[in-house]
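Trainee: Provided below: input_24.csv, containing CSV, C-alpha atoms.
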```csv
chain,number,residue,atom,x,y,z
T,169,MET,CA,33.8,47.0,13.1
T,170,GLU,CA,30.3,45.8,12.9
T,171,ARG,CA,28.3,47.0,9.9
T,172,ALA,CA,24.5,47.4,10.2
T,173,GLU,CA,23.1,43.9,10.3
T,174,GLN,CA,19.7,42.7,11.5
T,175,GLY,CA,18.9,46.1,12.8
T,176,SER,CA,21.1,45.8,15.9
T,177,PRO,CA,23.2,48.9,16.8
T,178,ILE,CA,27.0,48.7,17.1
T,179,GLU,CA,27.9,47.8,20.7
T,180,PRO,CA,29.7,49.3,22.6
T,181,ASP,CA,28.8,52.6,21.1
T,182,PRO,CA,32.0,54.1,19.6
T,183,TYR,CA,30.3,56.9,17.8
T,184,PHE,CA,28.4,58.9,20.4
T,185,GLY,CA,30.6,57.9,23.3
T,186,PRO,CA,32.3,60.7,25.3
T,187,PRO,CA,35.3,62.0,23.5
T,188,THR,CA,38.6,61.4,25.3
T,189,ASP,CA,40.0,64.6,23.8
T,190,ARG,CA,37.2,67.1,24.6
T,191,GLY,CA,37.6,70.7,23.6
T,192,GLU,CA,35.9,74.0,24.3
T,193,ALA,CA,33.3,75.5,22.0
T,194,THR,CA,34.2,79.0,20.9
T,195,LEU,CA,31.2,79.6,18.7
T,196,PRO,CA,27.5,79.1,19.5
T,197,GLY,CA,25.2,76.7,17.6
T,198,ARG,CA,22.8,78.3,15.1
T,199,PHE,CA,19.3,77.2,14.0
T,200,VAL,CA,18.7,78.2,10.4
T,201,THR,CA,15.5,78.7,8.3
T,202,ILE,CA,16.6,78.2,4.8
T,203,ALA,CA,13.9,80.5,3.4
T,204,GLU,CA,15.5,83.3,5.3
T,205,LEU,CA,19.0,82.9,3.8
T,206,PRO,CA,20.1,85.5,1.2
T,207,GLU,CA,19.2,84.6,-2.4
T,208,LEU,CA,21.8,84.9,-5.2
T,209,ASN,CA,20.5,84.7,-8.8
T,210,VAL,CA,23.8,83.5,-10.4
T,211,ALA,CA,22.4,82.4,-13.8
T,212,THR,CA,19.1,82.5,-15.6
T,213,GLY,CA,16.6,80.4,-13.6
T,214,LEU,CA,19.2,79.4,-10.9
T,215,VAL,CA,19.0,80.8,-7.4
T,216,LEU,CA,21.5,79.8,-4.7
T,217,GLN,CA,21.0,80.3,-0.9
T,218,PRO,CA,24.4,79.8,0.7
T,219,LEU,CA,24.7,78.9,4.4
T,220,LEU,CA,28.1,79.8,5.7
T,221,GLY,CA,29.9,77.9,8.5
T,222,SER,CA,33.5,78.4,9.5
T,223,GLY,CA,35.4,76.0,7.3
T,224,LEU,CA,32.5,74.8,5.1
T,225,MET,CA,29.5,76.1,3.1
T,226,VAL,CA,26.2,74.5,2.2
T,227,SER,CA,24.5,76.0,-0.7
T,228,PHE,CA,20.8,75.3,-1.4
T,229,ALA,CA,20.2,75.6,-5.2
T,230,ARG,CA,16.8,76.0,-7.0
T,231,TYR,CA,16.7,75.5,-10.7
T,232,GLU,CA,13.8,76.3,-13.0
T,233,ALA,CA,13.2,73.7,-15.7
T,234,GLY,CA,16.1,73.6,-18.1
T,235,ALA,CA,18.2,76.1,-16.1
T,236,GLU,CA,21.9,75.6,-16.4
T,237,ALA,CA,25.1,76.0,-14.4
T,238,PRO,CA,27.6,76.2,-17.3
T,239,LEU,CA,30.8,74.2,-17.5
T,240,HIS,CA,33.2,75.6,-14.8
T,241,ALA,CA,35.8,74.5,-12.3
T,242,HIS,CA,37.1,75.7,-9.0
T,243,GLU,CA,39.6,74.8,-6.3
T,244,GLU,CA,37.1,74.1,-3.5
T,245,GLU,CA,36.0,70.5,-3.2
T,246,GLN,CA,32.3,70.0,-3.8
T,247,VAL,CA,29.6,67.4,-3.1
T,248,PHE,CA,26.4,67.7,-5.1
T,249,VAL,CA,23.2,66.1,-3.7
T,250,VAL,CA,19.8,65.9,-5.5
T,251,VAL,CA,16.9,66.9,-3.3
T,252,ASP,CA,14.1,67.1,-5.8
T,253,GLY,CA,13.6,66.8,-9.6
T,254,GLU,CA,16.2,65.6,-12.1
T,255,PHE,CA,19.5,67.0,-13.4
T,256,ASP,CA,22.0,66.2,-16.2
T,257,VAL,CA,25.4,66.4,-14.5
T,258,THR,CA,28.7,66.4,-16.4
T,259,LEU,CA,31.9,65.5,-14.6
T,260,ASP,CA,34.9,65.7,-16.8
T,261,ASP,CA,33.7,64.0,-20.0
T,262,GLU,CA,30.8,62.0,-18.6
T,263,THR,CA,27.2,63.1,-18.3
T,264,ARG,CA,24.6,61.3,-16.2
T,265,ARG,CA,21.0,61.9,-15.3
T,266,LEU,CA,20.8,62.3,-11.5
T,267,ARG,CA,17.6,61.9,-9.4
T,268,VAL,CA,16.8,61.9,-5.7
T,269,GLY,CA,19.1,59.3,-4.2
T,270,ASP,CA,22.0,60.3,-6.4
T,271,ALA,CA,25.0,62.5,-5.6
T,272,ALA,CA,28.4,63.5,-7.0
T,273,VAL,CA,31.8,64.2,-5.6
T,274,ILE,CA,33.6,66.9,-7.4
T,275,PRO,CA,37.2,67.2,-6.4
T,276,SER,CA,39.3,70.3,-6.8
T,277,TRP,CA,39.4,71.7,-10.4
T,278,VAL,CA,37.3,68.9,-11.9
T,279,PRO,CA,35.2,70.6,-14.7
T,280,HIS,CA,31.5,70.2,-14.2
T,281,ARG,CA,28.2,71.3,-15.7
T,282,VAL,CA,24.6,71.0,-14.3
T,283,THR,CA,21.4,71.3,-16.3
T,284,ALA,CA,18.0,70.9,-14.7
T,285,SER,CA,15.6,68.6,-16.6
T,286,ASP,CA,13.2,70.3,-19.0
T,287,ASP,CA,10.3,68.5,-17.1
T,288,GLY,CA,10.2,70.9,-14.2
T,289,PRO,CA,12.0,72.7,-11.4
T,290,ALA,CA,14.7,70.9,-9.5
T,291,THR,CA,16.6,71.5,-6.3
T,292,GLN,CA,19.9,70.3,-5.0
T,293,ILE,CA,22.3,70.9,-2.2
T,294,ASP,CA,26.0,71.8,-2.8
T,295,VAL,CA,28.6,71.4,-0.1
T,296,PHE,CA,31.9,73.2,-0.4
T,297,CYS,CA,35.0,72.8,1.7
T,298,PRO,CA,36.5,75.3,2.1
T,299,PRO,CA,33.6,77.8,1.5
T,300,ARG,CA,33.5,78.6,-2.2
T,301,GLU,CA,35.3,81.9,-2.7
T,302,GLY,CA,33.1,83.0,-5.6
T,303,LEU,CA,30.0,82.7,-3.4
T,304,LEU,CA,31.7,84.5,-0.5
T,305,ARG,CA,32.4,87.4,-2.8
T,306,LEU,CA,28.8,87.5,-3.9
T,307,LEU,CA,27.6,87.4,-0.2
T,308,GLU,CA,29.9,90.2,0.7
T,309,GLY,CA,29.3,92.3,-2.4
V,127,MET,CA,27.0,93.0,-5.9
V,128,GLU,CA,23.5,92.5,-7.2
V,129,ARG,CA,21.2,90.3,-5.2
V,130,ALA,CA,18.4,88.3,-6.9
V,131,GLU,CA,15.8,90.8,-7.9
V,132,GLN,CA,13.0,90.6,-10.4
V,133,GLY,CA,14.4,87.2,-11.7
V,134,SER,CA,17.3,88.7,-13.6
V,135,PRO,CA,20.6,87.0,-13.2
V,136,ILE,CA,23.7,88.8,-12.1
V,137,GLU,CA,25.5,90.4,-15.1
V,138,PRO,CA,28.3,90.0,-16.0
V,139,ASP,CA,28.5,86.6,-14.5
V,140,PRO,CA,31.0,86.6,-11.7
V,141,TYR,CA,30.2,83.1,-10.4
V,142,PHE,CA,30.6,80.7,-13.3
V,143,GLY,CA,33.1,82.8,-15.3
V,144,PRO,CA,36.5,81.3,-16.1
V,145,PRO,CA,38.8,81.3,-13.1
V,146,THR,CA,41.9,83.5,-13.4
V,147,ASP,CA,43.8,81.1,-11.2
V,148,ARG,CA,43.0,77.7,-12.8
V,149,GLY,CA,44.5,74.6,-11.3
V,150,GLU,CA,44.9,71.0,-12.4
V,151,ALA,CA,42.5,68.3,-11.2
V,152,THR,CA,44.4,65.4,-9.5
V,153,LEU,CA,41.3,63.3,-8.6
V,154,PRO,CA,38.4,62.2,-10.9
V,155,GLY,CA,34.8,63.2,-10.3
V,156,ARG,CA,32.6,60.5,-8.9
V,157,PHE,CA,28.9,59.7,-9.4
V,158,VAL,CA,27.4,58.2,-6.3
V,159,THR,CA,24.2,56.2,-5.7
V,160,ILE,CA,23.4,56.8,-2.0
V,161,ALA,CA,21.7,53.4,-1.6
V,162,GLU,CA,25.0,51.7,-2.4
V,163,LEU,CA,27.0,53.5,0.3
V,164,PRO,CA,28.0,51.4,3.4
V,165,GLU,CA,25.4,51.5,6.2
V,166,LEU,CA,26.5,52.1,9.8
V,167,ASN,CA,23.9,51.3,12.5
V,168,VAL,CA,25.3,53.7,15.1
V,169,ALA,CA,22.4,53.7,17.6
V,170,THR,CA,19.0,51.9,17.9
V,171,GLY,CA,16.9,52.9,14.9
V,172,LEU,CA,19.6,55.2,13.4
V,173,VAL,CA,21.5,54.3,10.2
V,174,LEU,CA,24.2,56.5,8.7
V,175,GLN,CA,25.6,56.3,5.1
V,176,PRO,CA,28.7,58.4,5.0
V,177,LEU,CA,30.0,59.7,1.7
V,178,LEU,CA,33.7,60.5,2.0
V,179,GLY,CA,35.4,63.2,0.0
V,180,SER,CA,38.9,64.5,0.5
V,181,GLY,CA,38.4,67.3,3.1
V,182,LEU,CA,34.7,66.8,3.8
V,183,MET,CA,32.2,64.1,4.5
V,184,VAL,CA,28.4,64.1,3.8
V,185,SER,CA,26.5,61.6,6.0
V,186,PHE,CA,23.0,60.5,5.0
V,187,ALA,CA,21.1,59.7,8.2
V,188,ARG,CA,17.8,57.7,8.5
V,189,TYR,CA,16.0,57.7,11.9
V,190,GLU,CA,13.1,55.4,12.8
V,191,ALA,CA,10.3,57.2,14.7
V,192,GLY,CA,11.7,58.3,18.1
V,193,ALA,CA,15.3,57.3,17.4
V,194,GLU,CA,17.9,59.4,19.1
V,195,ALA,CA,21.5,60.6,18.6
V,196,PRO,CA,22.3,61.2,22.3
V,197,LEU,CA,24.0,64.3,23.5
V,198,HIS,CA,27.6,64.5,22.2
V,199,ALA,CA,30.2,66.9,20.9
V,200,HIS,CA,33.1,66.6,18.5
V,201,GLU,CA,35.8,68.8,17.0
V,202,GLU,CA,34.6,68.6,13.4
V,203,GLU,CA,32.3,71.4,12.3
V,204,GLN,CA,28.9,70.1,11.3
V,205,VAL,CA,25.9,71.3,9.3
V,206,PHE,CA,22.6,69.5,9.9
V,207,VAL,CA,19.9,69.6,7.1
V,208,VAL,CA,16.4,68.1,7.4
V,209,VAL,CA,15.4,66.1,4.3
V,210,ASP,CA,12.2,64.4,5.5
V,211,GLY,CA,10.1,64.2,8.7
V,212,GLU,CA,10.7,66.1,11.9
V,213,PHE,CA,13.4,66.2,14.6
V,214,ASP,CA,13.9,67.8,18.0
V,215,VAL,CA,17.4,69.2,17.9
V,216,THR,CA,19.3,70.5,20.9
V,217,LEU,CA,22.2,72.9,20.5
V,218,ASP,CA,23.8,73.8,23.8
V,219,ASP,CA,20.7,74.5,26.0
V,220,GLU,CA,18.2,75.2,23.3
V,221,THR,CA,15.9,72.6,21.7
V,222,ARG,CA,13.8,73.3,18.6
V,223,ARG,CA,11.6,71.2,16.4
V,224,LEU,CA,13.1,71.2,12.9
V,225,ARG,CA,11.3,70.3,9.7
V,226,VAL,CA,12.1,70.3,5.9
V,227,GLY,CA,13.4,73.8,5.2
V,228,ASP,CA,15.3,73.9,8.5
V,229,ALA,CA,19.0,73.4,9.2
V,230,ALA,CA,21.5,73.9,12.0
V,231,VAL,CA,25.1,75.0,12.1
V,232,ILE,CA,27.1,73.1,14.8
V,233,PRO,CA,30.5,74.6,15.4
V,234,SER,CA,33.4,72.6,16.9
V,235,TRP,CA,32.7,71.1,20.3
V,236,VAL,CA,29.1,72.5,20.6
V,237,PRO,CA,27.1,69.8,22.4
V,238,HIS,CA,24.1,68.6,20.4
V,239,ARG,CA,21.4,65.9,20.5
V,240,VAL,CA,18.9,64.8,17.9
V,241,THR,CA,15.6,62.9,18.4
V,242,ALA,CA,13.4,62.0,15.5
V,243,SER,CA,9.7,62.7,16.0
V,244,ASP,CA,7.5,59.9,17.3
V,245,ASP,CA,5.2,60.5,14.4
V,246,GLY,CA,7.3,58.5,11.9
V,247,PRO,CA,10.7,58.0,10.3
V,248,ALA,CA,12.8,61.0,9.4
V,249,THR,CA,15.9,61.6,7.3
V,250,GLN,CA,18.6,64.3,7.4
V,251,ILE,CA,22.0,65.1,5.9
V,252,ASP,CA,25.0,65.9,8.0
V,253,VAL,CA,28.0,67.6,6.5
V,254,PHE,CA,31.3,67.4,8.4
V,255,CYS,CA,34.5,69.3,7.7
V,256,PRO,CA,37.0,67.8,8.1
V,257,PRO,CA,35.5,64.3,7.8
V,258,ARG,CA,34.3,63.1,11.2
V,259,GLU,CA,37.0,60.9,12.7
V,260,GLY,CA,34.5,58.7,14.6
V,261,LEU,CA,32.8,57.9,11.3
V,262,LEU,CA,36.1,57.3,9.5
V,263,ARG,CA,37.0,54.8,12.2
V,264,LEU,CA,33.7,52.9,11.7
V,265,LEU,CA,34.2,52.9,7.9
V,266,GLU,CA,37.7,51.5,8.2
V,267,GLY,CA,36.9,49.1,11.1
```
Could you rewrite the structure in this file as structure tokens?
Mentor:
Amino acid sequence: MERAEQGSPIEPDPYFGPPTDRGEATLPGRFVTIAELPELNVATGLVLQPLLGSGLMVSFARYEAGAEAPLHAHEEEQVFVVVDGEFDVTLDDETRRLRVGDAAVIPSWVPHRVTASDDGPATQIDVFCPPREGLLRLLEG
Amino acid sequence: MERAEQGSPIEPDPYFGPPTDRGEATLPGRFVTIAELPELNVATGLVLQPLLGSGLMVSFARYEAGAEAPLHAHEEEQVFVVVDGEFDVTLDDETRRLRVGDAAVIPSWVPHRVTASDDGPATQIDVFCPPREGLLRLLEG
């Protein structure tokens, strides 16, 4: 495998080439405007906008300055990506300050806590696979 | 279920409350610096940095102006989120200009194409569940 070097793409192209095992789509593609997604105010100063696929969920999270997602754990695997602002993120017993360019992988049942910096609002994206049951319940409620 | 209204959080808190069915973590949490992830130059002007979890993958994609992910399809479900710049995204037969605040859900085997605007570089995040096999092969190669 060739890694990215000197700006030259991998040749021959193994990534976008025609799949040998091509299947049939059963669901249509969907364009999404995030601002139009439902808003769930799950804690003081913390609003989530979950986008639900079939086997995964992407949740767009806006925190006011200092807002907190308290220590919790869940079965669904999660990836946390900072989009704007700064967060103190605790995974197990370790806390780090995360900024744009930082992310965290949160495996099943790993306890985690997130606090937005006091300096201002902050936004992040959570990915859950499978979709987080607690959010599905709120969306259906 | 209460939706977000007048800034008041949902009470009692059904989202961060202690799970009744609590499990045991078998993998540690991981803090990730995106700049340190491997870089895959999968097409001219298009570099991917995949972050691999257990059942999901988040791929950070940087496009130079006008760079293209040609029409392709794959079994893995995908969510596409714009982080910076503008893209023309084709799903099936429909093409739309996507900007920050826009996303797309790409179910299994839906043909899609992505072209970054000619106006400048653009970045987006792809989520795959399960991890996209074509990217796993490149990471292992």
Trainee: Kindly determine which residues of chain T lie within 6 Å of chain V, considering only C-alpha atoms, and give the answer as a PDB file with C-alpha atoms, in the coordinates of the input.
Mentor:
```
ATOM      1  CA  MET T 169      33.800  47.000  13.100  1.00  0.00           C
ATOM      2  CA  ARG T 171      28.300  47.000   9.900  1.00  0.00           C
ATOM      3  CA  ALA T 172      24.500  47.400  10.200  1.00  0.00           C
ATOM      4  CA  PRO T 177      23.200  48.900  16.800  1.00  0.00           C
ATOM      5  CA  ILE T 178      27.000  48.700  17.100  1.00  0.00           C
ATOM      6  CA  TYR T 183      30.300  56.900  17.800  1.00  0.00           C
ATOM      7  CA  PHE T 184      28.400  58.900  20.400  1.00  0.00           C
ATOM      8  CA  GLY T 191      37.600  70.700  23.600  1.00  0.00           C
ATOM      9  CA  GLU T 192      35.900  74.000  24.300  1.00  0.00           C
ATOM     10  CA  ALA T 193      33.300  75.500  22.000  1.00  0.00           C
ATOM     11  CA  GLY T 197      25.200  76.700  17.600  1.00  0.00           C
ATOM     12  CA  ARG T 198      22.800  78.300  15.100  1.00  0.00           C
ATOM     13  CA  PHE T 199      19.300  77.200  14.000  1.00  0.00           C
ATOM     14  CA  VAL T 200      18.700  78.200  10.400  1.00  0.00           C
ATOM     15  CA  THR T 201      15.500  78.700   8.300  1.00  0.00           C
ATOM     16  CA  ILE T 202      16.600  78.200   4.800  1.00  0.00           C
ATOM     17  CA  GLU T 207      19.200  84.600  -2.400  1.00  0.00           C
ATOM     18  CA  LEU T 208      21.800  84.900  -5.200  1.00  0.00           C
ATOM     19  CA  ASN T 209      20.500  84.700  -8.800  1.00  0.00           C
ATOM     20  CA  VAL T 210      23.800  83.500 -10.400  1.00  0.00           C
ATOM     21  CA  ALA T 211      22.400  82.400 -13.800  1.00  0.00           C
ATOM     22  CA  THR T 212      19.100  82.500 -15.600  1.00  0.00           C
ATOM     23  CA  HIS T 240      33.200  75.600 -14.800  1.00  0.00           C
ATOM     24  CA  LEU T 259      31.900  65.500 -14.600  1.00  0.00           C
ATOM     25  CA  GLY T 269      19.100  59.300  -4.200  1.00  0.00           C
ATOM     26  CA  ASP T 270      22.000  60.300  -6.400  1.00  0.00           C
ATOM     27  CA  ALA T 271      25.000  62.500  -5.600  1.00  0.00           C
ATOM     28  CA  ALA T 272      28.400  63.500  -7.000  1.00  0.00           C
ATOM     29  CA  VAL T 273      31.800  64.200  -5.600  1.00  0.00           C
ATOM     30  CA  ILE T 274      33.600  66.900  -7.400  1.00  0.00           C
ATOM     31  CA  SER T 276      39.300  70.300  -6.800  1.00  0.00           C
ATOM     32  CA  TRP T 277      39.400  71.700 -10.400  1.00  0.00           C
ATOM     33  CA  VAL T 278      37.300  68.900 -11.900  1.00  0.00           C
ATOM     34  CA  GLY T 302      33.100  83.000  -5.600  1.00  0.00           C
ATOM     35  CA  GLY T 309      29.300  92.300  -2.400  1.00  0.00           C
TER      36      GLY T 309
END
```
Trainee: Using all atoms listed in the file, collect all residues at a distance of at most 6 Å from (22.3, 77.7, -2.5) as written in the file, then present them as a list in words.
Mentor: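 Checking each residue against the 6 Å limit leaves Leu216, Gln217, Pro218, Ser227, Phe228 and Ala229 of chain T.
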Trainee: Could you fit chain T onto chain V by least squares over every C-alpha atom, paired in order, and give me the moved chain as a compact mmCIF listing (two decimals) with C-alpha atoms, in the coordinates of the input?
Mentor:
```txt
# COMPACT_ATOMS: atom_id res chain seq x y z
CA MET T 169 26.78 92.98 -5.76
CA GLU T 170 23.37 92.48 -7.11
CA ARG T 171 21.08 90.24 -5.08
CA ALA T 172 18.34 88.23 -6.85
CA GLU T 173 15.71 90.74 -7.86
CA GLN T 174 12.95 90.43 -10.45
CA GLY T 175 14.33 87.18 -11.61
CA SER T 176 17.22 88.72 -13.57
CA PRO T 177 20.63 86.97 -13.23
CA ILE T 178 23.71 88.85 -11.98
CA GLU T 179 25.49 90.41 -14.98
CA PRO T 180 28.37 90.05 -15.82
CA ASP T 181 28.49 86.56 -14.49
CA PRO T 182 31.11 86.49 -11.68
CA TYR T 183 30.25 83.07 -10.46
CA PHE T 184 30.67 80.70 -13.39
CA GLY T 185 33.16 82.85 -15.23
CA PRO T 186 36.57 81.30 -16.08
CA PRO T 187 38.82 81.29 -13.10
CA THR T 188 41.92 83.46 -13.46
CA ASP T 189 43.85 81.07 -11.21
CA ARG T 190 43.03 77.68 -12.82
CA GLY T 191 44.53 74.55 -11.39
CA GLU T 192 44.91 70.93 -12.38
CA ALA T 193 42.56 68.22 -11.19
CA THR T 194 44.38 65.38 -9.48
CA LEU T 195 41.35 63.31 -8.64
CA PRO T 196 38.49 62.20 -10.91
CA GLY T 197 34.82 63.14 -10.36
CA ARG T 198 32.59 60.40 -8.90
CA PHE T 199 28.86 59.73 -9.43
CA VAL T 200 27.36 58.22 -6.30
CA THR T 201 24.16 56.16 -5.64
CA ILE T 202 23.40 56.74 -2.06
CA ALA T 203 21.69 53.36 -1.65
CA GLU T 204 24.97 51.76 -2.45
CA LEU T 205 26.99 53.51 0.29
CA PRO T 206 27.96 51.42 3.36
CA GLU T 207 25.39 51.47 6.18
CA LEU T 208 26.47 52.08 9.81
CA ASN T 209 23.88 51.33 12.53
CA VAL T 210 25.34 53.70 15.20
CA ALA T 211 22.36 53.72 17.61
CA THR T 212 19.03 52.00 17.92
CA GLY T 213 16.91 52.97 14.88
CA LEU T 214 19.65 55.27 13.38
CA VAL T 215 21.52 54.28 10.26
CA LEU T 216 24.18 56.54 8.72
CA GLN T 217 25.54 56.25 5.11
CA PRO T 218 28.69 58.35 4.99
CA LEU T 219 30.04 59.65 1.66
CA LEU T 220 33.68 60.48 1.94
CA GLY T 221 35.42 63.24 -0.06
CA SER T 222 38.93 64.49 0.54
CA GLY T 223 38.50 67.25 3.07
CA LEU T 224 34.76 66.82 3.77
CA MET T 225 32.12 64.14 4.50
CA VAL T 226 28.40 64.02 3.82
CA SER T 227 26.53 61.65 5.92
CA PHE T 228 22.97 60.57 4.99
CA ALA T 229 21.08 59.67 8.23
CA ARG T 230 17.81 57.63 8.52
CA TYR T 231 16.01 57.67 11.80
CA GLU T 232 13.10 55.45 12.79
CA ALA T 233 10.38 57.24 14.74
CA GLY T 234 11.69 58.37 18.09
CA ALA T 235 15.28 57.26 17.37
CA GLU T 236 17.90 59.31 19.09
CA ALA T 237 21.45 60.56 18.61
CA PRO T 238 22.36 61.20 22.28
CA LEU T 239 23.96 64.38 23.56
CA HIS T 240 27.60 64.46 22.22
CA ALA T 241 30.21 66.83 20.89
CA HIS T 242 33.12 66.66 18.54
CA GLU T 243 35.82 68.83 17.01
CA GLU T 244 34.64 68.63 13.38
CA GLU T 245 32.30 71.38 12.30
CA GLN T 246 28.87 70.14 11.30
CA VAL T 247 25.84 71.33 9.30
CA PHE T 248 22.60 69.46 9.86
CA VAL T 249 19.90 69.61 7.13
CA VAL T 250 16.36 68.11 7.36
CA VAL T 251 15.38 66.16 4.29
CA ASP T 252 12.21 64.49 5.45
CA GLY T 253 10.13 64.17 8.67
CA GLU T 254 10.67 66.14 11.87
CA PHE T 255 13.40 66.22 14.53
CA ASP T 256 13.92 67.76 18.01
CA VAL T 257 17.42 69.25 17.86
CA THR T 258 19.29 70.52 20.93
CA LEU T 259 22.18 72.91 20.50
CA ASP T 260 23.78 73.84 23.73
CA ASP T 261 20.77 74.51 25.98
CA GLU T 262 18.14 75.15 23.34
CA THR T 263 15.86 72.61 21.71
CA ARG T 264 13.84 73.28 18.57
CA ARG T 265 11.59 71.24 16.36
CA LEU T 266 13.14 71.17 12.86
CA ARG T 267 11.26 70.32 9.62
CA VAL T 268 12.12 70.33 5.93
CA GLY T 269 13.42 73.82 5.24
CA ASP T 270 15.29 73.99 8.51
CA ALA T 271 18.99 73.43 9.22
CA ALA T 272 21.58 73.90 11.97
CA VAL T 273 25.18 74.91 12.15
CA ILE T 274 27.08 73.12 14.78
CA PRO T 275 30.50 74.54 15.36
CA SER T 276 33.39 72.66 16.89
CA TRP T 277 32.63 71.11 20.34
CA VAL T 278 29.10 72.53 20.57
CA PRO T 279 27.03 69.81 22.44
CA HIS T 280 24.10 68.58 20.44
CA ARG T 281 21.33 66.00 20.58
CA VAL T 282 18.89 64.81 17.82
CA THR T 283 15.65 62.94 18.37
CA ALA T 284 13.40 61.95 15.50
CA SER T 285 9.69 62.76 16.02
CA ASP T 286 7.54 59.94 17.40
CA ASP T 287 5.20 60.46 14.32
CA GLY T 288 7.35 58.56 11.88
CA PRO T 289 10.72 58.02 10.25
CA ALA T 290 12.86 61.01 9.43
CA THR T 291 15.95 61.62 7.36
CA GLN T 292 18.59 64.28 7.39
CA ILE T 293 21.91 65.08 5.88
CA ASP T 294 25.02 65.85 8.01
CA VAL T 295 28.02 67.62 6.57
CA PHE T 296 31.34 67.44 8.36
CA CYS T 297 34.50 69.37 7.67
CA PRO T 298 36.96 67.85 8.17
CA PRO T 299 35.50 64.28 7.79
CA ARG T 300 34.27 63.16 11.19
CA GLU T 301 36.97 60.96 12.70
CA GLY T 302 34.51 58.72 14.56
CA LEU T 303 32.79 57.84 11.27
CA LEU T 304 36.12 57.27 9.51
CA ARG T 305 37.03 54.76 12.17
CA LEU T 306 33.74 52.98 11.72
CA LEU T 307 34.24 52.90 7.86
CA GLU T 308 37.68 51.51 8.26
CA GLY T 309 36.87 49.06 11.04
```
Trainee: Please compute the CA of Asp214 in chain V-CA of Leu205 in chain T distance, one decimal, in Å.
Mentor: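 Going from CA of Asp214 in chain V over to CA of Leu205 in chain T, I get 21.3 Å.
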Trainee: Tell me which protein, DNA and RNA residues are within 10 Å of Pro289 in chain T, counting all atoms listed in the file, leaving out same-chain ones fewer than 6 positions away, and put them as a ChimeraX atom specification.
Mentor: /T:213-214,230-235,252-255
Trainee: Report, in Å with one decimal, the straight-line distance from CA of Glu194 in chain V to CA of Ala242 in chain V.
Mentor: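 Atom-to-atom, CA of Glu194 in chain V and CA of Ala242 in chain V are spaced 6.3 Å apart.
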Trainee: To one decimal place, how far is CA of Ala248 in chain V from CA of Gln292 in chain T in Å?
Mentor: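 Taking CA of Ala248 in chain V and CA of Gln292 in chain T, their separation equals 18.6 Å.
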